[in-house]
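Chemist: A single structure is presented below for examination.
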Amino acid sequence: MSGRRARAVFLDAGGTIVLPERGLVAKALMGEGIEIDPAAVPSAHYAAVRALDREHVPGGPDSYIEALCVALGASTASAVAALSTLADRNQSGKVLWSEPTPSAVETITALRRAGIAVVIVTNSDGHAAENLRDAGILRATGLAAESVVDSVLVGSAKPDERIFEVALERAGVRPGDAVHVGDMVSTDVAGAERVGITPIHLDPHRRCPSGQHLHVRSLRGILAQIA
């Protein structure tokens with residue numbers, strides 16, 4: 001879609017517009033006697049999802065937490081248990097996915113000002129809209145909760161086609177008029193391709209060697225790709 005204007009941009013949530021809150025991660029691991037540099041959490045996230053993509057492991061919560069711990073150098077059973085509890089909103093009462101990615105708010109705001117529909121398409125636990133509200137994303141960008149397509153609530157998870165079909169319905173566009181931006185090849189890129197949506201892989205550290213799909217290193221790059 002390079003050189004052609006998109007009418008809708010679909011965005012993954014975790015890893016694309018929000019990251020694991022570094023302070024919460026560091027505190028949870030410190031409770032198990034494991035000290036990390038909080039600044040390492042964002043890079044560890046992208047290393048974890050790349051590892052899942054390479055191993056063709058479904059990106060479920062358990063496998064992700066294990067991969068994140070490995071990337072942080074904290075691959076013990078107690079570390080995995082601590083972060084798994086933190087990831088469960090019902091148990092912790094805290095929001096793990098609450099750190100906005102660089103330029104997330106600015107990019108979403110710019111897209112909406114340009115008249116482009118923005119829909120969040122996320123594999124989540126039924127609390128995605130609530131989490132994004134508490135993280136301040138919805139208020140800062142003006143997005144409504146109805147703009148969040150949560151896999152649990154629609155009964156379909158990426159890379160299945162149906163979750164993208166729901167997003168297309170909410171945006172009121174055809175597949176050829178949309179792009180989907182996400183950080184996982186196995187869910188975001190593969191799923192978008194299944195329904196004819198142009199995928200854009202958010203790959204800040206250039207870990208993906210594929211030349212078969214578009215890449216951006218930051219969300220700011222979306223505007224250049226669809227202009």
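Please note that chains go A, B, ... in the order of the structure tokens, that every chain numbers its residues from 1, and that ligands are numbered from 1 in the order shown.
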Extract, using only C-alpha atoms, all DNA, RNA and protein residues at most 10 Å from segment 201-209 of chain A, discarding same-chain residues fewer than 4 positions from it, and format them as a VMD selection string.
Modeler: chain A and resid 12 15 to 16 42 to 43 46 to 47 50 to 51 53 to 54 180 to 185 188 to 189 213 to 219 221 to 222
Chemist: Output the selection as a short mmCIF file (atom, residue, chain, number, x, y, z; two decimals), in the first residue's frame - C-alpha atoms for each residue.
Modeler:
data_model
loop_
_atom_site.label_atom_id
_atom_site.label_comp_id
_atom_site.auth_asym_id
_atom_site.auth_seq_id
_atom_site.Cartn_x
_atom_site.Cartn_y
_atom_site.Cartn_z
CA ASP A 12 -2.11 -4.39 17.93
CA GLY A 15 4.02 -4.38 22.15
CA THR A 16 2.60 -1.91 19.66
CA PRO A 42 11.13 -2.80 26.34
CA SER A 43 14.01 -4.45 24.48
CA TYR A 46 10.72 -7.44 21.47
CA ALA A 47 13.33 -10.15 21.97
CA ARG A 50 10.86 -12.54 18.14
CA ALA A 51 11.78 -15.76 19.94
CA ASP A 53 7.96 -16.11 16.14
CA ARG A 54 11.15 -18.08 15.43
CA HIS A 180 -2.58 -3.65 10.36
CA VAL A 181 0.43 -2.80 12.52
CA GLY A 182 1.76 -5.29 15.04
CA ASP A 183 4.93 -6.69 16.55
CA MET A 184 4.44 -10.41 15.85
CA VAL A 185 4.79 -12.10 12.48
CA ASP A 188 -0.22 -9.85 13.30
CA VAL A 189 1.42 -10.24 9.90
CA HIS A 213 6.23 -7.54 4.34
CA LEU A 214 6.64 -3.91 5.32
CA HIS A 215 8.52 -2.88 8.46
CA VAL A 216 8.63 0.20 10.67
CA ARG A 217 10.98 0.83 13.57
CA SER A 218 8.52 3.12 15.36
CA LEU A 219 4.87 4.05 15.07
CA GLY A 221 6.80 5.31 10.42
CA ILE A 222 3.17 4.38 9.77
#
Chemist: Applying 9 Å and only C-alpha atoms, which residues near segment 155-161 of chain A remain after dropping the ones on its own chain fewer than 2 positions away? List them as a short mmCIF file (atom, residue, chain, number, x, y, z; two decimals) with N, CA and C atoms, in the first residue's frame.
Modeler:
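Printed below is part.cif as written:
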data_model
loop_
_atom_site.label_atom_id
_atom_site.label_comp_id
_atom_site.auth_asym_id
_atom_site.auth_seq_id
_atom_site.Cartn_x
_atom_site.Cartn_y
_atom_site.Cartn_z
N VAL A 121 -6.75 -4.00 17.53
CA VAL A 121 -7.06 -5.42 17.33
C VAL A 121 -6.08 -6.22 18.17
N THR A 122 -6.58 -6.82 19.25
CA THR A 122 -5.66 -7.40 20.21
C THR A 122 -6.10 -8.76 20.73
N ASN A 123 -5.14 -9.66 20.88
CA ASN A 123 -5.37 -10.90 21.60
C ASN A 123 -5.25 -10.58 23.08
N SER A 124 -6.37 -10.60 23.77
CA SER A 124 -6.37 -10.16 25.15
C SER A 124 -7.25 -11.08 26.00
N ASP A 150 -11.32 -7.01 21.13
CA ASP A 150 -10.68 -7.90 22.09
C ASP A 150 -11.00 -9.34 21.71
N SER A 151 -9.97 -10.16 21.57
CA SER A 151 -10.15 -11.53 21.08
C SER A 151 -11.15 -12.33 21.92
N VAL A 152 -11.08 -12.19 23.24
CA VAL A 152 -11.99 -12.94 24.10
C VAL A 152 -13.44 -12.51 23.87
N LEU A 153 -13.65 -11.22 23.71
CA LEU A 153 -15.01 -10.72 23.57
C LEU A 153 -15.63 -11.05 22.21
N ILE A 163 -11.38 -12.11 13.72
CA ILE A 163 -11.09 -10.92 14.53
C ILE A 163 -10.80 -9.72 13.62
N PHE A 164 -10.16 -9.97 12.48
CA PHE A 164 -9.91 -8.88 11.53
C PHE A 164 -11.19 -8.48 10.80
N GLU A 165 -12.05 -9.45 10.55
CA GLU A 165 -13.33 -9.13 9.91
C GLU A 165 -14.18 -8.24 10.80
N VAL A 166 -14.12 -8.47 12.11
CA VAL A 166 -14.83 -7.61 13.05
C VAL A 166 -14.27 -6.19 12.98
N SER A 186 3.80 -14.06 13.51
CA SER A 186 2.92 -15.23 13.55
C SER A 186 1.46 -14.89 13.81
N THR A 187 1.20 -13.77 14.43
CA THR A 187 -0.18 -13.38 14.71
C THR A 187 -0.61 -12.18 13.88
N ASP A 188 0.17 -11.10 13.95
CA ASP A 188 -0.22 -9.85 13.30
C ASP A 188 -0.04 -9.90 11.78
N VAL A 189 1.15 -10.22 11.35
CA VAL A 189 1.42 -10.24 9.90
C VAL A 189 0.64 -11.37 9.23
N ALA A 190 0.72 -12.57 9.78
CA ALA A 190 0.04 -13.72 9.17
C ALA A 190 -1.47 -13.53 9.15
N GLY A 191 -2.02 -13.01 10.23
CA GLY A 191 -3.46 -12.83 10.30
C GLY A 191 -3.97 -11.79 9.32
N ALA A 192 -3.27 -10.67 9.24
CA ALA A 192 -3.68 -9.62 8.30
C ALA A 192 -3.63 -10.13 6.86
N ARG A 194 -4.06 -13.07 5.77
CA ARG A 194 -5.13 -14.03 5.49
C ARG A 194 -6.40 -13.37 4.96
N VAL A 195 -6.64 -12.13 5.38
CA VAL A 195 -7.87 -11.47 4.96
C VAL A 195 -7.62 -10.36 3.94
#
Chemist: Could you please determine the separation between atom CA of Ile197 of chain A and atom CA of Ser103 of chain A in Å, to one decimal place?
Modeler: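 Computing it gives 23.2 Å between the two atoms.
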Chemist: What is the distance, in Å and to one decimal place, between atom CA of Ala167 of chain A and atom CA of Gly126 of chain A?
Modeler: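 One can read the atom CA of Ala167 of chain A to atom CA of Gly126 of chain A distance as 15.7 Å.
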Chemist: For each of A:Leu96, A:Ala8, A:Ile137, A:Val25, take the minimum atom-to-atom distance to Ala79 of chain A, counting only C-alpha atoms, then give the residue where this is smallest.
Modeler: A:Val25
Chemist: Could you go through segment 170-214 of chain A and tell me which residues DSSP, when run on the backbone, assigns to strand (DSSP E), listing them as a list of chain:residue names?
Modeler: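 Put together, the selection reads A:Ala178, A:Val179, A:His180, A:Val181, A:Gly182, A:Thr198, A:Pro199, A:Ile200, A:His201, A:Leu202, A:Leu214.
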Chemist: Rounded to one decimal place, report the atom CA of Trp97 of chain A-atom CA of Ala28 of chain A distance in Å.
Modeler: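 Answer for the atom CA of Trp97 of chain A to atom CA of Ala28 of chain A separation: 14.0 Å.
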Chemist: Would you kindly return, as number ranges by chain, each protein, DNA or RNA residue with an atom no farther than 10 Å from any atom of Val105 of chain A, considering only C-alpha atoms and excluding same-chain residues fewer than 6 positions away?
Modeler: A: 17-18, 136-142, 219
Chemist: Could you pull out the alpha helix (DSSP H) residues of segment 21-203 of chain A from DSSP and send them as a PyMOL selection string?
Modeler: chain A and resi 22-30+41-55+61-71+77-87+89-92+104-113+128-134+137-141+151-154+161-171+190-194
Chemist: Pull C-alpha atoms from the residues just selected and write them as a PDB file, in the first residue's frame.
Modeler:
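out.pdb written:
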ATOM      1  CA  ARG A  22       8.985  -1.534  33.466  1.00  0.00           C
ATOM      2  CA  GLY A  23       8.599  -0.506  37.092  1.00  0.00           C
ATOM      3  CA  LEU A  24       5.985  -3.181  37.786  1.00  0.00           C
ATOM      4  CA  VAL A  25       8.122  -5.846  36.141  1.00  0.00           C
ATOM      5  CA  ALA A  26      11.228  -4.845  38.091  1.00  0.00           C
ATOM      6  CA  LYS A  27       9.308  -4.716  41.385  1.00  0.00           C
ATOM      7  CA  ALA A  28       7.705  -8.117  40.834  1.00  0.00           C
ATOM      8  CA  LEU A  29      11.069  -9.716  40.112  1.00  0.00           C
ATOM      9  CA  MET A  30      12.711  -7.932  43.024  1.00  0.00           C
ATOM     10  CA  VAL A  41      12.158  -4.302  29.721  1.00  0.00           C
ATOM     11  CA  PRO A  42      11.127  -2.800  26.339  1.00  0.00           C
ATOM     12  CA  SER A  43      14.008  -4.451  24.483  1.00  0.00           C
ATOM     13  CA  ALA A  44      13.326  -7.717  26.313  1.00  0.00           C
ATOM     14  CA  HIS A  45       9.721  -7.609  25.139  1.00  0.00           C
ATOM     15  CA  TYR A  46      10.722  -7.437  21.471  1.00  0.00           C
ATOM     16  CA  ALA A  47      13.335 -10.152  21.971  1.00  0.00           C
ATOM     17  CA  ALA A  48      10.633 -12.331  23.535  1.00  0.00           C
ATOM     18  CA  VAL A  49       8.130 -11.950  20.705  1.00  0.00           C
ATOM     19  CA  ARG A  50      10.862 -12.539  18.145  1.00  0.00           C
ATOM     20  CA  ALA A  51      11.783 -15.762  19.943  1.00  0.00           C
ATOM     21  CA  LEU A  52       8.140 -16.885  19.865  1.00  0.00           C
ATOM     22  CA  ASP A  53       7.965 -16.113  16.145  1.00  0.00           C
ATOM     23  CA  ARG A  54      11.152 -18.082  15.429  1.00  0.00           C
ATOM     24  CA  GLU A  55       9.969 -21.077  17.410  1.00  0.00           C
ATOM     25  CA  PRO A  61       0.111 -15.415  27.951  1.00  0.00           C
ATOM     26  CA  ASP A  62       2.092 -18.287  29.485  1.00  0.00           C
ATOM     27  CA  SER A  63       4.538 -18.715  26.612  1.00  0.00           C
ATOM     28  CA  TYR A  64       5.041 -14.955  26.382  1.00  0.00           C
ATOM     29  CA  ILE A  65       5.833 -14.553  30.079  1.00  0.00           C
ATOM     30  CA  GLU A  66       8.341 -17.395  29.888  1.00  0.00           C
ATOM     31  CA  ALA A  67      10.017 -15.829  26.844  1.00  0.00           C
ATOM     32  CA  LEU A  68      10.104 -12.417  28.527  1.00  0.00           C
ATOM     33  CA  CYS A  69      11.791 -13.877  31.595  1.00  0.00           C
ATOM     34  CA  VAL A  70      14.409 -15.560  29.408  1.00  0.00           C
ATOM     35  CA  ALA A  71      15.063 -12.267  27.613  1.00  0.00           C
ATOM     36  CA  ALA A  77      10.080 -20.757  37.928  1.00  0.00           C
ATOM     37  CA  SER A  78       9.600 -18.095  40.608  1.00  0.00           C
ATOM     38  CA  ALA A  79      10.186 -15.280  38.117  1.00  0.00           C
ATOM     39  CA  VAL A  80       7.677 -16.737  35.669  1.00  0.00           C
ATOM     40  CA  ALA A  81       5.143 -17.151  38.475  1.00  0.00           C
ATOM     41  CA  ALA A  82       5.649 -13.572  39.675  1.00  0.00           C
ATOM     42  CA  LEU A  83       5.097 -12.046  36.246  1.00  0.00           C
ATOM     43  CA  SER A  84       2.215 -14.403  35.454  1.00  0.00           C
ATOM     44  CA  THR A  85       0.406 -13.160  38.562  1.00  0.00           C
ATOM     45  CA  LEU A  86       1.138  -9.577  37.594  1.00  0.00           C
ATOM     46  CA  ALA A  87      -0.275 -10.202  34.127  1.00  0.00           C
ATOM     47  CA  ARG A  89      -5.553  -8.211  36.253  1.00  0.00           C
ATOM     48  CA  ASN A  90      -8.088 -10.060  38.387  1.00  0.00           C
ATOM     49  CA  GLN A  91      -5.362 -11.162  40.819  1.00  0.00           C
ATOM     50  CA  SER A  92      -3.042  -8.188  40.897  1.00  0.00           C
ATOM     51  CA  ALA A 104       1.821   5.874  20.361  1.00  0.00           C
ATOM     52  CA  VAL A 105      -0.476   8.676  21.480  1.00  0.00           C
ATOM     53  CA  GLU A 106       0.919  11.158  18.969  1.00  0.00           C
ATOM     54  CA  THR A 107       0.604   8.740  16.060  1.00  0.00           C
ATOM     55  CA  ILE A 108      -2.955   7.683  16.857  1.00  0.00           C
ATOM     56  CA  THR A 109      -3.948  11.317  17.281  1.00  0.00           C
ATOM     57  CA  ALA A 110      -2.349  12.258  13.957  1.00  0.00           C
ATOM     58  CA  LEU A 111      -4.086   9.402  12.140  1.00  0.00           C
ATOM     59  CA  ARG A 112      -7.478  10.366  13.510  1.00  0.00           C
ATOM     60  CA  ARG A 113      -6.941  14.030  12.653  1.00  0.00           C
ATOM     61  CA  ALA A 128      -8.262  -4.744  26.738  1.00  0.00           C
ATOM     62  CA  ALA A 129     -10.470  -1.646  26.593  1.00  0.00           C
ATOM     63  CA  GLU A 130     -10.378  -1.350  30.373  1.00  0.00           C
ATOM     64  CA  ASN A 131      -6.590  -1.674  30.422  1.00  0.00           C
ATOM     65  CA  LEU A 132      -6.128   0.914  27.671  1.00  0.00           C
ATOM     66  CA  ARG A 133      -8.483   3.254  29.490  1.00  0.00           C
ATOM     67  CA  ASP A 134      -6.528   2.888  32.738  1.00  0.00           C
ATOM     68  CA  ILE A 137      -4.485   5.708  25.915  1.00  0.00           C
ATOM     69  CA  LEU A 138      -8.196   6.035  25.179  1.00  0.00           C
ATOM     70  CA  ARG A 139      -8.577   9.402  26.875  1.00  0.00           C
ATOM     71  CA  ALA A 140      -5.400  10.855  25.342  1.00  0.00           C
ATOM     72  CA  THR A 141      -6.338   9.812  21.803  1.00  0.00           C
ATOM     73  CA  SER A 151     -10.155 -11.528  21.083  1.00  0.00           C
ATOM     74  CA  VAL A 152     -11.993 -12.943  24.102  1.00  0.00           C
ATOM     75  CA  LEU A 153     -15.014 -10.722  23.570  1.00  0.00           C
ATOM     76  CA  VAL A 154     -15.346 -11.523  19.851  1.00  0.00           C
ATOM     77  CA  GLU A 161      -9.628 -14.194  10.108  1.00  0.00           C
ATOM     78  CA  ARG A 162     -12.731 -13.384  12.138  1.00  0.00           C
ATOM     79  CA  ILE A 163     -11.087 -10.920  14.525  1.00  0.00           C
ATOM     80  CA  PHE A 164      -9.911  -8.884  11.530  1.00  0.00           C
ATOM     81  CA  GLU A 165     -13.327  -9.134   9.908  1.00  0.00           C
ATOM     82  CA  VAL A 166     -14.835  -7.607  13.047  1.00  0.00           C
ATOM     83  CA  ALA A 167     -12.315  -4.773  12.842  1.00  0.00           C
ATOM     84  CA  LEU A 168     -13.199  -4.178   9.199  1.00  0.00           C
ATOM     85  CA  GLU A 169     -16.877  -4.029  10.107  1.00  0.00           C
ATOM     86  CA  ARG A 170     -16.265  -1.501  12.875  1.00  0.00           C
ATOM     87  CA  ALA A 171     -14.089   0.665  10.640  1.00  0.00           C
ATOM     88  CA  ALA A 190       0.045 -13.719   9.167  1.00  0.00           C
ATOM     89  CA  GLY A 191      -3.464 -12.832  10.296  1.00  0.00           C
ATOM     90  CA  ALA A 192      -3.680  -9.624   8.295  1.00  0.00           C
ATOM     91  CA  GLU A 193      -2.437 -11.369   5.178  1.00  0.00           C
ATOM     92  CA  ARG A 194      -5.134 -14.030   5.490  1.00  0.00           C
TER      93      ARG A 194
END
Chemist: Measuring atom to atom with only C-alpha atoms, identify which of A:Ala135, A:Ala117, A:Ala178, A:Gln225 is nearest to Ser147 of chain A.
Modeler: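 The answer is A:Ala117, which sits nearest to Ser147 of chain A.
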